[in-house]
Each structure stands twice: as C-alpha cells, then as structure tokens.
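A.B. asks: This is the content of my_file_29.cif (mmCIF, C-alpha atoms and all ligand atoms):
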data_data
#
loop_
_atom_site.label_atom_id
_atom_site.label_comp_id
_atom_site.auth_asym_id
_atom_site.auth_seq_id
_atom_site.Cartn_x
_atom_site.Cartn_y
_atom_site.Cartn_z
CA MET A 1 131.81 107.81 89.36
CA LYS A 2 131.27 105.78 92.52
CA ILE A 3 132.80 108.49 94.66
CA LEU A 4 130.66 111.08 92.93
CA ASN A 5 127.54 109.08 93.74
CA LYS A 6 128.61 108.78 97.36
CA ILE A 7 129.10 112.52 97.66
CA ARG A 8 125.80 113.07 95.96
CA ARG A 9 123.92 110.79 98.33
CA ALA A 10 125.54 112.30 101.40
CA LEU A 11 124.81 115.77 100.12
CA SER A 12 121.17 115.08 99.36
CA LYS A 13 120.67 114.02 102.96
CA ILE A 14 122.01 117.27 104.31
CA ILE A 15 120.68 119.75 101.76
CA PRO A 16 118.11 118.26 99.40
CA LEU A 17 118.20 121.24 97.08
CA GLY A 18 122.00 121.40 96.96
CA ASP A 19 122.04 118.02 95.28
CA LYS A 20 119.84 119.28 92.45
CA LEU A 21 121.83 122.45 91.97
CA LEU A 22 125.19 120.73 91.79
CA PHE A 23 124.04 117.73 89.78
CA PRO A 24 121.15 118.68 87.50
CA GLU A 25 119.28 115.68 86.14
CA HIS A 26 119.71 114.79 82.52
CA CYS A 27 117.55 112.57 80.38
CA ILE A 28 119.19 109.16 80.01
CA VAL A 29 117.82 108.77 76.50
CA CYS A 30 118.52 112.14 74.81
CA GLY A 31 120.82 113.86 77.29
CA GLU A 32 118.70 117.01 77.65
CA LYS A 33 118.45 118.66 81.05
CA ILE A 34 115.25 117.79 82.91
CA GLU A 35 113.48 120.55 84.77
CA GLY A 36 110.13 120.77 86.50
CA ASP A 37 109.17 117.17 85.95
CA THR A 38 108.16 114.38 88.30
CA TRP A 39 110.36 111.99 86.32
CA LYS A 40 114.04 112.18 87.12
CA TYR A 41 115.60 110.15 84.36
CA VAL A 42 113.58 110.37 81.17
CA CYS A 43 112.28 113.64 79.73
CA LEU A 44 108.67 114.08 78.67
CA ARG A 45 109.56 114.28 74.98
CA CYS A 46 111.33 110.92 75.08
CA ARG A 47 108.59 109.32 77.15
CA THR A 48 105.92 110.32 74.70
CA SER A 49 107.94 109.21 71.70
CA ILE A 50 108.15 105.61 72.88
CA PRO A 51 107.38 103.53 69.80
CA ILE A 52 104.35 101.28 69.96
CA PRO A 53 105.58 97.71 70.31
CA GLU A 54 104.43 94.70 68.34
CA SER A 55 101.27 92.96 69.53
CA SER A 56 101.24 90.00 71.88
CA GLU A 57 100.27 87.80 68.95
CA GLN A 58 103.27 88.93 66.89
CA THR A 59 105.62 88.33 69.81
CA ILE A 60 104.16 84.89 70.45
CA ASN A 61 104.57 84.00 66.78
CA LYS A 62 108.22 85.02 66.81
CA LEU A 63 108.93 83.14 70.02
CA ALA A 64 107.12 80.10 68.65
CA GLU A 65 109.49 80.05 65.69
CA LEU A 66 112.29 79.63 68.15
CA HIS A 67 110.77 77.32 70.74
CA GLY A 68 107.92 75.69 68.82
CA PHE A 69 104.30 76.55 69.66
CA ASP A 70 103.81 73.50 71.85
CA ASN A 71 106.81 74.37 73.96
CA LEU A 72 105.64 77.85 74.91
CA ASN A 73 104.37 77.86 78.47
CA PHE A 74 102.66 81.26 78.47
CA ILE A 75 99.68 82.65 76.58
CA ASN A 76 100.22 86.39 76.14
CA VAL A 77 103.20 88.71 76.19
CA TYR A 78 102.62 92.38 77.04
CA CYS A 79 105.37 94.77 76.10
CA LEU A 80 105.83 98.47 76.84
CA PHE A 81 108.11 99.44 74.00
CA SER A 82 110.33 98.04 71.32
CA SER A 83 113.87 99.21 70.95
CA THR A 84 114.78 97.96 67.51
CA GLU A 85 113.75 101.16 65.75
CA LYS A 86 114.52 103.50 68.64
CA PHE A 87 117.99 102.53 69.68
CA PRO A 88 118.48 105.08 72.50
CA PHE A 89 116.05 103.21 74.70
CA ASN A 90 118.78 100.62 75.16
CA LYS A 91 120.52 103.20 77.31
CA LEU A 92 117.54 103.24 79.56
CA ILE A 93 117.54 99.51 80.02
CA TYR A 94 121.26 99.67 80.64
CA ALA A 95 120.72 102.26 83.35
CA LEU A 96 117.99 100.17 84.89
CA LYS A 97 120.18 97.09 84.88
CA TYR A 98 123.52 98.37 85.98
CA LYS A 99 123.12 101.72 87.65
CA GLY A 100 120.60 100.77 90.26
CA VAL A 101 117.96 103.21 89.14
CA LYS A 102 114.92 102.14 91.14
CA ASP A 103 112.98 105.15 89.99
CA ILE A 104 112.96 104.04 86.35
CA GLY A 105 111.81 100.58 87.32
CA GLN A 106 108.90 101.99 89.25
CA LYS A 107 107.78 104.56 86.68
CA PHE A 108 108.01 102.16 83.77
CA GLY A 109 106.44 99.48 85.92
CA GLU A 110 103.41 101.72 86.36
CA MET A 111 103.21 102.24 82.60
CA LEU A 112 103.57 98.53 81.98
CA GLY A 113 100.83 97.83 84.51
CA GLU A 114 98.50 100.17 82.62
CA THR A 115 99.35 98.41 79.34
CA VAL A 116 98.45 95.03 80.82
CA LYS A 117 95.27 96.46 82.34
CA GLN A 118 94.14 97.81 78.97
CA ASN A 119 94.93 94.68 77.01
CA SER A 120 94.15 91.79 79.31
CA ASP A 121 90.91 90.70 80.92
CA VAL A 122 92.65 88.18 83.14
CA LYS A 123 92.64 88.83 86.87
CA TYR A 124 96.11 87.82 87.99
CA ASP A 125 96.49 86.23 91.38
CA TYR A 126 100.22 86.84 91.43
CA VAL A 127 102.76 89.11 89.80
CA VAL A 128 106.17 87.45 89.87
CA PRO A 129 109.48 88.99 88.77
CA VAL A 130 111.98 86.60 87.19
CA ALA A 131 114.30 85.64 90.00
CA ILE A 132 118.00 86.12 89.52
CA HIS A 133 120.43 83.83 91.26
CA SER A 134 121.51 84.99 94.71
CA ALA A 135 125.13 85.18 93.59
CA LYS A 136 124.20 87.51 90.78
CA LYS A 137 122.12 89.56 93.18
CA ARG A 138 125.12 89.92 95.47
CA GLU A 139 127.17 91.01 92.52
CA ARG A 140 124.69 93.63 91.38
CA GLY A 141 123.05 94.35 94.70
CA TYR A 142 119.42 94.09 93.55
CA ASN A 143 117.04 92.56 91.05
CA GLN A 144 115.73 95.27 88.74
CA SER A 145 112.66 93.26 87.79
CA VAL A 146 111.41 93.44 91.36
CA TYR A 147 110.90 97.21 91.11
CA ILE A 148 108.99 96.82 87.87
CA ALA A 149 106.90 93.96 89.24
CA LYS A 150 106.04 95.87 92.39
CA ALA A 151 104.59 98.75 90.39
CA VAL A 152 102.73 96.41 88.01
CA ALA A 153 101.18 94.55 90.94
CA GLU A 154 100.01 97.83 92.46
CA VAL A 155 98.35 98.97 89.23
CA LEU A 156 96.64 95.60 88.71
CA GLY A 157 95.67 95.12 92.34
CA SER A 158 97.44 91.74 92.31
CA CYS A 159 99.73 90.15 94.85
CA LEU A 160 103.48 90.66 94.39
CA GLU A 161 105.17 87.33 95.07
CA LEU A 162 108.93 87.12 95.45
CA GLU A 163 109.33 83.76 97.14
CA LEU A 164 107.34 81.38 94.96
CA ALA A 165 110.23 80.28 92.80
CA ARG A 166 113.93 79.87 93.31
CA ARG A 167 116.69 79.89 90.77
CA LYS A 168 118.76 76.76 91.10
CA GLU A 169 121.89 77.38 89.08
CA TYR A 170 124.00 80.35 88.29
CA THR A 171 123.70 80.51 84.52
CA THR A 172 126.48 82.24 82.65
CA SER A 173 125.62 85.51 80.96
CA GLN A 174 123.26 84.92 78.06
CA THR A 175 124.50 87.69 75.82
CA LYS A 176 127.25 85.69 74.13
CA LEU A 177 125.19 82.58 73.53
CA SER A 178 123.27 81.69 70.40
CA ALA A 179 119.48 81.47 70.59
CA ARG A 180 119.60 77.66 70.70
CA ASP A 181 122.22 77.63 73.43
CA ARG A 182 120.20 80.10 75.45
CA ILE A 183 117.26 77.74 75.59
CA PHE A 184 119.54 74.94 76.76
CA ASN A 185 121.33 77.20 79.24
CA VAL A 186 118.20 78.01 81.23
CA LYS A 187 116.18 74.81 80.88
CA ASP A 188 114.93 73.59 84.28
CA ILE A 189 116.68 76.27 86.29
CA PHE A 190 113.68 77.17 88.42
CA GLU A 191 112.29 75.36 91.36
CA ILE A 192 108.84 76.19 92.73
CA VAL A 193 109.24 76.58 96.45
CA GLN A 194 105.60 76.99 97.42
CA GLN A 195 103.79 74.41 95.28
CA GLU A 196 100.49 74.58 97.16
CA LYS A 197 100.25 78.32 96.73
CA VAL A 198 100.60 78.04 92.96
CA LYS A 199 97.83 75.51 92.26
CA ASN A 200 95.12 76.80 89.96
CA LYS A 201 96.44 80.36 90.01
CA THR A 202 96.90 82.86 87.22
CA ILE A 203 100.37 84.37 87.19
CA LEU A 204 101.92 87.32 85.40
CA ILE A 205 105.69 86.98 85.06
CA ILE A 206 107.72 90.18 84.82
CA ASP A 207 111.05 90.41 83.02
CA ASP A 208 112.80 93.68 82.24
CA VAL A 209 113.91 92.72 78.73
CA LEU A 210 112.64 89.85 76.65
CA THR A 211 115.03 88.47 74.05
CA THR A 212 114.58 84.79 73.26
CA GLY A 213 112.07 84.34 76.08
CA SER A 214 113.95 81.25 77.27
CA THR A 215 114.21 82.31 80.89
CA VAL A 216 110.56 83.30 81.30
CA ASN A 217 109.52 80.18 79.44
CA SER A 218 111.50 78.07 81.85
CA LEU A 219 109.88 79.78 84.85
CA ALA A 220 106.41 79.55 83.29
CA GLY A 221 106.96 75.84 82.67
CA ALA A 222 107.89 75.30 86.30
CA PHE A 223 104.70 77.08 87.41
CA LEU A 224 102.53 75.01 85.08
CA GLU A 225 104.12 71.81 86.34
CA ALA A 226 103.30 72.92 89.87
CA GLY A 227 99.64 73.27 88.86
CA ALA A 228 99.25 76.92 87.88
CA ARG A 229 96.27 77.57 85.60
CA ARG A 230 97.61 80.22 83.27
CA ILE A 231 100.77 82.23 82.77
CA ASP A 232 101.20 85.53 80.91
CA VAL A 233 104.33 87.63 80.58
CA ALA A 234 104.93 91.37 80.76
CA THR A 235 108.17 93.06 79.79
CA LEU A 236 109.46 96.60 79.34
CA MET A 237 111.19 95.88 76.11
CA ARG A 238 111.26 93.25 73.44
CA ALA A 239 114.78 93.28 72.09
ZN ZN B 301 114.94 112.88 76.54
#
Any chance you could give the structure as structure tokens?
C.D. replies:
Amino acid sequence: MKILNKIRRALSKIIPLGDKLLFPEHCIVCGEKIEGDTWKYVCLRCRTSIPIPESSEQTINKLAELHGFDNLNFINVYCLFSSTEKFPFNKLIYALKYKGVKDIGQKFGEMLGETVKQNSDVKYDYVVPVAIHSAKKRERGYNQSVYIAKAVAEVLGSCLELELARRKEYTTSQTKLSARDRIFNVKDIFEIVQQEKVKNKTILIIDDVLTTGSTVNSLAGAFLEAGARRIDVATLMRA
C-alpha cells in the first residue's frame, strides 16, 4: 500500500490526469466511485446523509455524568455528526487519523466551522487544536486536528493558535482504558506556554473525536488556570 501511494504521488506530479485514470477515487464511507465532485473522499450522498448529532446540552449532560458538572472546564460542545447510529462514519475518522488525509480534515473542518457559526454567538479569539505529544507526531507524521482547526478558524475569522499549549507526557493509547482511567491518564498533561496571551481570551478547542472528553477537559482546565475567560469545544464526531 505504501509503495502504491508512492507511485501514485510520483505519477500525479508528472501527469495529473494519469493519476485519476489509474486510481479512481472511491468514497471512504460507502465505497462507490466518486466522479465530478470537488470532494475526493466522501460522496455527496454520504455527506448529505450525515445524521444530526445530539445538542451541546445533551453532550454536556453526558460528560457531566462522567466528570461531574463542577469539573467540566468548557461551556459548549459543538459536534458535526454522531457515529453511533451510522457506523460507516468510523471509517472516515479512521482515514483521517491514520491515512494522512488532509483533504478530509479541511472539508469537514469547514463544515464544523459553519456549525459553530450557526450555533454560537461567541467571538472566539483563538481556535486551538488539541496538541498531540511530539513523539506521537513523529510516529504518525502529523496532527489531524490541526487541519480541522485551520479550516474552522478560517470560517470563524478567528486566530489559529498552535503554540499556546504543550503536551507534557506521552500518554498511552486511550482506547484500552476504562472511562475512569482515561480521566486519570490525561489529568494535568498540558502546560500553557504563552500565559500572557491567554488571559481573558475566549478559546475554541478542536478535537477530531470526542469520547470521554478527558483530554479536552484537561486542556480547557489548563487554559482557565492561565486566565482564559471561556472555553468551548468543537469536534467532528461524538463517539
Ligand atoms: Zn458514499
């Protein structure tokens, strides 16, 4: 697969059309061939059948059950779609996470930005993607949330900030941990690098997938401690 991608990239540089002819794009969600569309990875039918996610209030209530209301460090959670009822969208998140598909991050980032714009009357000073540890970034080569955050910031006319916070420890993968252990695993893992810049600001944190919300809550807490005024969260999917 890696070799195939290499050939594909080399080929697209020489003959842009040849790439398309030899490797037609298929929808990541349903597998249908995509033709005559500006989107490369998700067909129009799948895009328009994205289920409407739960409201911010519902999400907050669920997260509060886990963390306790008083321990939540953000006010609203904006979500683009829910995957529970529409399983195939997991494939999309998988592609975004592990296949380096920048395009998906940007397109869905734009959609997420519009969702926030329609539902929030807060003017965000900063849009901040959840930082991954540098070791993990080396392993994967990129942070997928950055692409989403970049597009969201553009739609909202806010500042994209990548250097405000730093991740201190390399947490082990969260997937095998229980909800309780997840909270413990990521407690106090962020350090605010530019404290002065954060004071009295409104910040929108971007995470690709929100599960227990422990990681974003940890980051939001660090921002509040540094003097930020308000934190909201936006995510592609609430899993
Ligand atoms: Zn499709």
A.B. asks: List all protein, DNA and RNA residues that have any atom at most 9 Å from ligand ZN 301 (chain B), counting all atoms listed in the file, and write the list as a VMD selection string.
C.D. replies: chain A and resid 26 to 34 41 to 47
A.B. asks: Could you list, as an MDAnalysis selection string, every residue within 8 Å of Ile203 in chain A, counting all atoms listed in the file and ignoring same-chain residues fewer than 2 positions away?
C.D. replies: chainID A and resid 124:128 201 205 228 230:232
A.B. asks: Would you write out those residues with C-alpha atoms, as an mmCIF file, in the frame of the given file?
C.D. replies:
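Saved to part.cif:
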data_model
loop_
_atom_site.group_PDB
_atom_site.id
_atom_site.type_symbol
_atom_site.label_atom_id
_atom_site.label_comp_id
_atom_site.auth_asym_id
_atom_site.auth_seq_id
_atom_site.Cartn_x
_atom_site.Cartn_y
_atom_site.Cartn_z
ATOM 1 C CA TYR A 124 96.110 87.820 87.990
ATOM 2 C CA ASP A 125 96.490 86.230 91.380
ATOM 3 C CA TYR A 126 100.220 86.840 91.430
ATOM 4 C CA VAL A 127 102.760 89.110 89.800
ATOM 5 C CA VAL A 128 106.170 87.450 89.870
ATOM 6 C CA LYS A 201 96.440 80.360 90.010
ATOM 7 C CA ILE A 205 105.690 86.980 85.060
ATOM 8 C CA ALA A 228 99.250 76.920 87.880
ATOM 9 C CA ARG A 230 97.610 80.220 83.270
ATOM 10 C CA ILE A 231 100.770 82.230 82.770
ATOM 11 C CA ASP A 232 101.200 85.530 80.910
#
A.B. asks: Of the candidates A:Glu191, A:Glu161, A:Glu110, A:Glu35, which one gets nearest to Leu236 in chain A if we count all atoms listed in the file?
C.D. replies: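 Nearest candidate to Leu236 in chain A out of A:Glu191, A:Glu161, A:Glu110, A:Glu35: A:Glu110.
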A.B. asks: Set the distance at 10 Å and use all atoms listed in the file: which residues neighbour Leu112 in chain A once local chain neighbours fewer than 4 positions away are removed? I'd like the list as a PyMOL selection string.
C.D. replies: chain A and resi 78-81+106-108+116-118+148-149+151-152+155+206+234-237
A.B. asks: What's the separation between CA of Asn217 in chain A and CA of His67 in chain A, in Å to one decimal place?
C.D. replies: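 Value for the CA of Asn217 in chain A-CA of His67 in chain A distance: 9.2 Å.
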A.B. asks: Report as an mmCIF file with C-alpha atoms, in the coordinates of the input all protein, DNA and RNA residues lying within 9 Å of range 218-220 of chain A, evaluated on all atoms listed in the file, omitting residues in the same chain fewer than 2 positions from it.
C.D. replies:
data_model
loop_
_atom_site.group_PDB
_atom_site.id
_atom_site.type_symbol
_atom_site.label_atom_id
_atom_site.label_comp_id
_atom_site.auth_asym_id
_atom_site.auth_seq_id
_atom_site.Cartn_x
_atom_site.Cartn_y
_atom_site.Cartn_z
ATOM 1 C CA LEU A 72 105.640 77.850 74.910
ATOM 2 C CA ASN A 73 104.370 77.860 78.470
ATOM 3 C CA PHE A 74 102.660 81.260 78.470
ATOM 4 C CA VAL A 130 111.980 86.600 87.190
ATOM 5 C CA ALA A 131 114.300 85.640 90.000
ATOM 6 C CA ALA A 165 110.230 80.280 92.800
ATOM 7 C CA ILE A 183 117.260 77.740 75.590
ATOM 8 C CA VAL A 186 118.200 78.010 81.230
ATOM 9 C CA LYS A 187 116.180 74.810 80.880
ATOM 10 C CA ASP A 188 114.930 73.590 84.280
ATOM 11 C CA ILE A 189 116.680 76.270 86.290
ATOM 12 C CA PHE A 190 113.680 77.170 88.420
ATOM 13 C CA GLU A 191 112.290 75.360 91.360
ATOM 14 C CA ILE A 192 108.840 76.190 92.730
ATOM 15 C CA ILE A 203 100.370 84.370 87.190
ATOM 16 C CA ILE A 205 105.690 86.980 85.060
ATOM 17 C CA GLY A 213 112.070 84.340 76.080
ATOM 18 C CA SER A 214 113.950 81.250 77.270
ATOM 19 C CA THR A 215 114.210 82.310 80.890
ATOM 20 C CA VAL A 216 110.560 83.300 81.300
ATOM 21 C CA ALA A 222 107.890 75.300 86.300
ATOM 22 C CA PHE A 223 104.700 77.080 87.410
ATOM 23 C CA LEU A 224 102.530 75.010 85.080
ATOM 24 C CA GLU A 225 104.120 71.810 86.340
ATOM 25 C CA ALA A 228 99.250 76.920 87.880
ATOM 26 C CA ARG A 230 97.610 80.220 83.270
ATOM 27 C CA ILE A 231 100.770 82.230 82.770
ATOM 28 C CA ASP A 232 101.200 85.530 80.910
ATOM 29 C CA VAL A 233 104.330 87.630 80.580
#
A.B. asks: Please determine, counting only C-alpha atoms, which residue among A:Leu204, A:Val122, A:Ser178, A:Arg238 has the shortest atom-to-atom distance to Ile52 in chain A.
C.D. replies: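 Among the listed residues, the smallest separation from Ile52 in chain A belongs to A:Arg238.
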A.B. asks: In Å, how far is it from CA of Val209 in chain A to CA of Thr48 in chain A?
C.D. replies: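 For CA of Val209 in chain A relative to CA of Thr48 in chain A, the distance reads 19.7 Å.
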A.B. asks: Add whatever atoms are absent from range 187-205 of chain A to reach N, CA and C atoms, and provide the output as a PDB file, in the frame of the given file.
C.D. replies:
ATOM      1  N   LYS A 187     117.213  75.851  80.730  1.00  0.00           N
ATOM      2  CA  LYS A 187     116.180  74.810  80.880  1.00  0.00           C
ATOM      3  C   LYS A 187     116.209  74.257  82.313  1.00  0.00           C
ATOM      4  N   ASP A 188     115.046  74.151  82.920  1.00  0.00           N
ATOM      5  CA  ASP A 188     114.930  73.590  84.280  1.00  0.00           C
ATOM      6  C   ASP A 188     115.769  74.298  85.335  1.00  0.00           C
ATOM      7  N   ILE A 189     115.869  75.599  85.264  1.00  0.00           N
ATOM      8  CA  ILE A 189     116.680  76.270  86.290  1.00  0.00           C
ATOM      9  C   ILE A 189     115.845  76.771  87.464  1.00  0.00           C
ATOM     10  N   PHE A 190     114.518  76.678  87.323  1.00  0.00           N
ATOM     11  CA  PHE A 190     113.680  77.170  88.420  1.00  0.00           C
ATOM     12  C   PHE A 190     113.039  76.039  89.212  1.00  0.00           C
ATOM     13  N   GLU A 191     112.917  76.313  90.475  1.00  0.00           N
ATOM     14  CA  GLU A 191     112.290  75.360  91.360  1.00  0.00           C
ATOM     15  C   GLU A 191     111.160  76.104  92.076  1.00  0.00           C
ATOM     16  N   ILE A 192     109.950  75.529  92.047  1.00  0.00           N
ATOM     17  CA  ILE A 192     108.840  76.190  92.730  1.00  0.00           C
ATOM     18  C   ILE A 192     108.897  75.816  94.204  1.00  0.00           C
ATOM     19  N   VAL A 193     109.037  76.824  95.029  1.00  0.00           N
ATOM     20  CA  VAL A 193     109.240  76.580  96.450  1.00  0.00           C
ATOM     21  C   VAL A 193     107.897  76.339  97.154  1.00  0.00           C
ATOM     22  N   GLN A 194     106.892  77.121  96.754  1.00  0.00           N
ATOM     23  CA  GLN A 194     105.600  76.990  97.420  1.00  0.00           C
ATOM     24  C   GLN A 194     104.557  76.416  96.466  1.00  0.00           C
ATOM     25  N   GLN A 195     104.653  75.111  96.239  1.00  0.00           N
ATOM     26  CA  GLN A 195     103.790  74.410  95.280  1.00  0.00           C
ATOM     27  C   GLN A 195     102.303  74.625  95.551  1.00  0.00           C
ATOM     28  N   GLU A 196     101.901  74.494  96.790  1.00  0.00           N
ATOM     29  CA  GLU A 196     100.490  74.580  97.160  1.00  0.00           C
ATOM     30  C   GLU A 196      99.886  75.937  96.787  1.00  0.00           C
ATOM     31  N   LYS A 197     100.690  76.943  96.955  1.00  0.00           N
ATOM     32  CA  LYS A 197     100.250  78.320  96.730  1.00  0.00           C
ATOM     33  C   LYS A 197     100.006  78.604  95.243  1.00  0.00           C
ATOM     34  N   VAL A 198     100.625  77.801  94.397  1.00  0.00           N
ATOM     35  CA  VAL A 198     100.600  78.040  92.960  1.00  0.00           C
ATOM     36  C   VAL A 198      99.407  77.374  92.279  1.00  0.00           C
ATOM     37  N   LYS A 199      98.906  76.309  92.865  1.00  0.00           N
ATOM     38  CA  LYS A 199      97.830  75.510  92.260  1.00  0.00           C
ATOM     39  C   LYS A 199      96.641  76.338  91.823  1.00  0.00           C
ATOM     40  N   ASN A 200      96.306  76.171  90.538  1.00  0.00           N
ATOM     41  CA  ASN A 200      95.120  76.800  89.960  1.00  0.00           C
ATOM     42  C   ASN A 200      95.159  78.327  89.895  1.00  0.00           C
ATOM     43  N   LYS A 201      96.335  78.895  90.004  1.00  0.00           N
ATOM     44  CA  LYS A 201      96.440  80.360  90.010  1.00  0.00           C
ATOM     45  C   LYS A 201      96.834  80.907  88.638  1.00  0.00           C
ATOM     46  N   THR A 202      96.456  82.163  88.429  1.00  0.00           N
ATOM     47  CA  THR A 202      96.900  82.860  87.220  1.00  0.00           C
ATOM     48  C   THR A 202      98.079  83.763  87.606  1.00  0.00           C
ATOM     49  N   ILE A 203      99.133  83.680  86.823  1.00  0.00           N
ATOM     50  CA  ILE A 203     100.370  84.370  87.190  1.00  0.00           C
ATOM     51  C   ILE A 203     100.892  85.225  86.039  1.00  0.00           C
ATOM     52  N   LEU A 204     101.283  86.441  86.383  1.00  0.00           N
ATOM     53  CA  LEU A 204     101.920  87.320  85.400  1.00  0.00           C
ATOM     54  C   LEU A 204     103.406  87.419  85.757  1.00  0.00           C
ATOM     55  N   ILE A 205     104.242  86.936  84.831  1.00  0.00           N
ATOM     56  CA  ILE A 205     105.690  86.980  85.060  1.00  0.00           C
ATOM     57  C   ILE A 205     106.256  88.283  84.490  1.00  0.00           C
TER      58      ILE A 205
END
